[in-house]
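K.L.:
Quick one: the structure is below, questions incoming.
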Amino acid sequence: MKRPTRECAPPNSHRHPIMTSLYGFVKRLYLAFNPPAPEAPTESPLRFGILGAAGIAPAALIYPVKNHPDAVVKAVAARDQGRADAFAKKHGIPKAYSGPGAYQKLLNDPEIDVVYNPLPNGLHYEWTMKALAAGKHVLLEKPSANTAEETRKMFAFAQEKRLVLLEAFHYRFHPATRRLKEIVDSGEIGTLTKIEASLAIPSGFVKDGDIRMVYDLGGGVMMDMGCYTLSMSRYLSGAEPTKVISAKADTLPKFPQIDIGCTATLAFPAVGGSTGLAEGLTASLDVHFRLPPGFGFVPQWPKVYARVTGTRGSAEFVGPWIYHQITVESSEEEGGPLRKRTEQRYGNLGWTTYRYQLEALIDKLRGRDPEHWFDAQDSIANMEWIEAIYKETGLGSRPPSTAEVPQATGT
Ligand SMILES: NC(=O)C1=CN([C@@H]2O[C@H](COP(=O)(O)OP(=O)(O)OC[C@H]3O[C@@H](n4cnc5c(N)ncnc54)[C@H](OP(=O)(O)O)[C@@H]3O)[C@@H](O)[C@H]2O)C=CC1
Ligand SMILES: O=C1OC[C@@H](O)[C@H](O)[C@H]1O
């Protein structure tokens, strides 16, 4: 059963458009952090356990769950007791496991149905395999692992155990992303010639001690933000790249294996998508988590966009966590006059990308057809191309896990 869709655009024609969008933004922001309780909660909701008191866990899982009628967060596990207890108390989570065996204790808990794995990338494989071995479904943070081989093994094991494993590419589940794809696939902008995707934030956010700066933990910006730009490019083209044309990493002397910035250009085949791809379609990825300040002191504005150019126009997408805009410029014929419009597709009131992702996951777990889903091969291909990009930069793949873990038979 689908819950009713309430459009987010406020019915307030008396407001100025700028006030309307500001009002809408503030409202969505408020609701993202203070979601209303569901109207009709189920009696036996799916019970989530969180591995690690991770920074992303509240936004990605805890707040969305508060608004879902068929999900609860039952436990968190953290290495440090104070941290586990404080996190559980803050978020109203009934159980907190702590100490060296905390993660395994959570996995052994029969009251947990689904494990959320927001551990550092280099620990994704180990703890996903252990969670699957314990019979739990897994919502796994992006990027899925340090290597494609690990991703392959995780999905093979999930399949063997008949468990659901989903890489948390939350942006894919939002109606705005799918609207963008619909525009591209409709042929409105013609045959695709170029995709540009960028995610970059100014310096100051990713500190030296961050997990993103540790090679063994799967650090590096192509892993962290690059995985989105690559995933988006593959999604929009409807095809897999054929080769990495070029890739260049920006490093620091004290972190020689960590790309704080990375640019890459990939080639795509001449066929793909529903409109066909132009010979020579390329995707350019541009990611950075320490954009240097302009003139040495002016922080650079974050870059969060994907732009698709075709033979009859372009579509530019900004967002979509709680804000997005799709700007389309297209003409009736090649070289004709361009008409411009913007679109916004917020969908259900206050639903973030993470809330849409949760909806799809619960639908899948309950045997319903989610509005959107993506399969194992999608996650595997994304890791393959991340590794290919790292190879081209000269930095190489992030190291595979050395943990002894249960495996699917025959792998
Ligand atoms: N979907 C999204 O929008 C986002 C996804 N992410 C992804 O989520 C994951 C976590 O990111 P984020 O929440 O920012 O990271 P944090 O550093 O905030 O959390 C990582 C957690 O990993 C645990 N951990 C276990 N071993 C280690 C170790 N050796 N070193 C450091 N931490 C360890 C810690 O748990 P403990 O509490 O037990 O100490 C910590 O809580 C990454 O895979 C990242 O790519 C991140 C941000 C946004
Ligand atoms: O969504 C995101 O934005 C910031 C990143 O550092 C993070 O890991 C990523 O998932």
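Chain labels follow the order of the structure tokens: the first chain is A, the next B, and so on; residue numbering restarts at 1 in every chain, and ligands are counted from 1 in their shown order.
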Return as a ChimeraX atom specification the residues of protein, DNA or RNA that approach ligand 1 to within 8 Å, with only C-alpha atoms and all ligand atoms taken into account.
P.N.:
/A:51-57,59-60,77-80,83-84,98,102-103,117-121,123-124,141-144,168-170,210-212,217,223-225,354
K.L.:
Once DSSP has gone over the backbone, tell me which residues of stretch 161-358 of chain A are in helix (DSSP H, G or I), as number ranges by chain.
P.N.:
A: 161, 170-173, 175-186, 211-213, 221-224, 226-237, 353-358
K.L.:
Return the single residue from A:Gly219, A:Gly367, A:Gly122, A:Pro269 that is closest to A:Tyr390, with distances computed using only C-alpha atoms.
P.N.:
A:Gly219
K.L.:
Which residue is closest to ligand 2? Choose from A:Asn108, A:Gln325, A:Ser198, A:Thr311 and count only C-alpha atoms and all ligand atoms.
P.N.:
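Residue with the minimum atom-to-atom distance to ligand 2: A:Ser198.
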K.L.:
Name the residues in contact with stretch 335-340 of chain A at a cut-off of 8 Å, using only C-alpha atoms, excluding same-chain residues fewer than 6 positions from it; report them as a list in words.
P.N.:
Arg312, Gly313, Thr327, Val328 and Glu329 of chain A
K.L.:
Let me make sure I understand: among A:Trp321, A:Tyr346, A:Phe157, A:Tyr63, which one has the smallest atom-to-atom distance to ligand 2 if we use only C-alpha atoms and all ligand atoms?
P.N.:
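Ranking A:Trp321, A:Tyr346, A:Phe157, A:Tyr63 by distance to ligand 2, first place goes to A:Trp321.
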K.L.:
What are the DSSP strand (DSSP E or B) residues of stretch 62-106 of chain A, as a ChimeraX atom specification?
P.N.:
/A:71-78,95-98
K.L.:
When you count only C-alpha atoms, which of these residues is closest to A:Thr251: A:Thr309, A:Gly394, A:Ile189, A:Gln159?
P.N.:
A:Gly394
K.L.:
Pick out the residues sitting within 10 Å of A:Lys207, and hand them over as number ranges by chain; count only C-alpha atoms, and ignore anything fewer than 6 positions along from it in its own chain.
P.N.:
A: 213, 289-290
K.L.:
So that I can see what lies close to stretch 294-301 of chain A, please list as a PDB file with C-alpha atoms, in the first residue's frame the residues with an atom at most 12 Å from it, counting only C-alpha atoms and leaving out residues fewer than 5 positions away in the same chain.
P.N.:
```pdb
ATOM      1  CA  LEU A 199      30.690  17.694  -5.820  1.00  0.00           C
ATOM      2  CA  ALA A 200      33.147  19.911  -4.029  1.00  0.00           C
ATOM      3  CA  ILE A 201      33.250  21.648  -0.672  1.00  0.00           C
ATOM      4  CA  PRO A 202      35.566  24.345   0.664  1.00  0.00           C
ATOM      5  CA  SER A 203      38.490  23.470   2.902  1.00  0.00           C
ATOM      6  CA  GLY A 204      37.750  23.432   6.614  1.00  0.00           C
ATOM      7  CA  PHE A 205      35.136  20.668   6.700  1.00  0.00           C
ATOM      8  CA  HIS A 288      37.154  18.073  -4.033  1.00  0.00           C
ATOM      9  CA  PHE A 289      36.851  18.198  -0.278  1.00  0.00           C
TER      10      PHE A 289
END
```
K.L.:
With distances taken over only C-alpha atoms, which of A:Leu365, A:Leu166, A:Ile50, A:Ala145 is nearest to A:Gln104?
P.N.:
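Of A:Leu365, A:Leu166, A:Ile50, A:Ala145, the one nearest A:Gln104 is A:Ile50, counting only C-alpha atoms.
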K.L.:
Using only C-alpha atoms and all ligand atoms, pick whichever of A:Tyr323, A:Phe268, A:Tyr171, A:Phe317 has the shortest atom-to-atom distance to ligand 2.
P.N.:
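Looking only at the distances to ligand 2, the closest residue turns out to be A:Tyr171.
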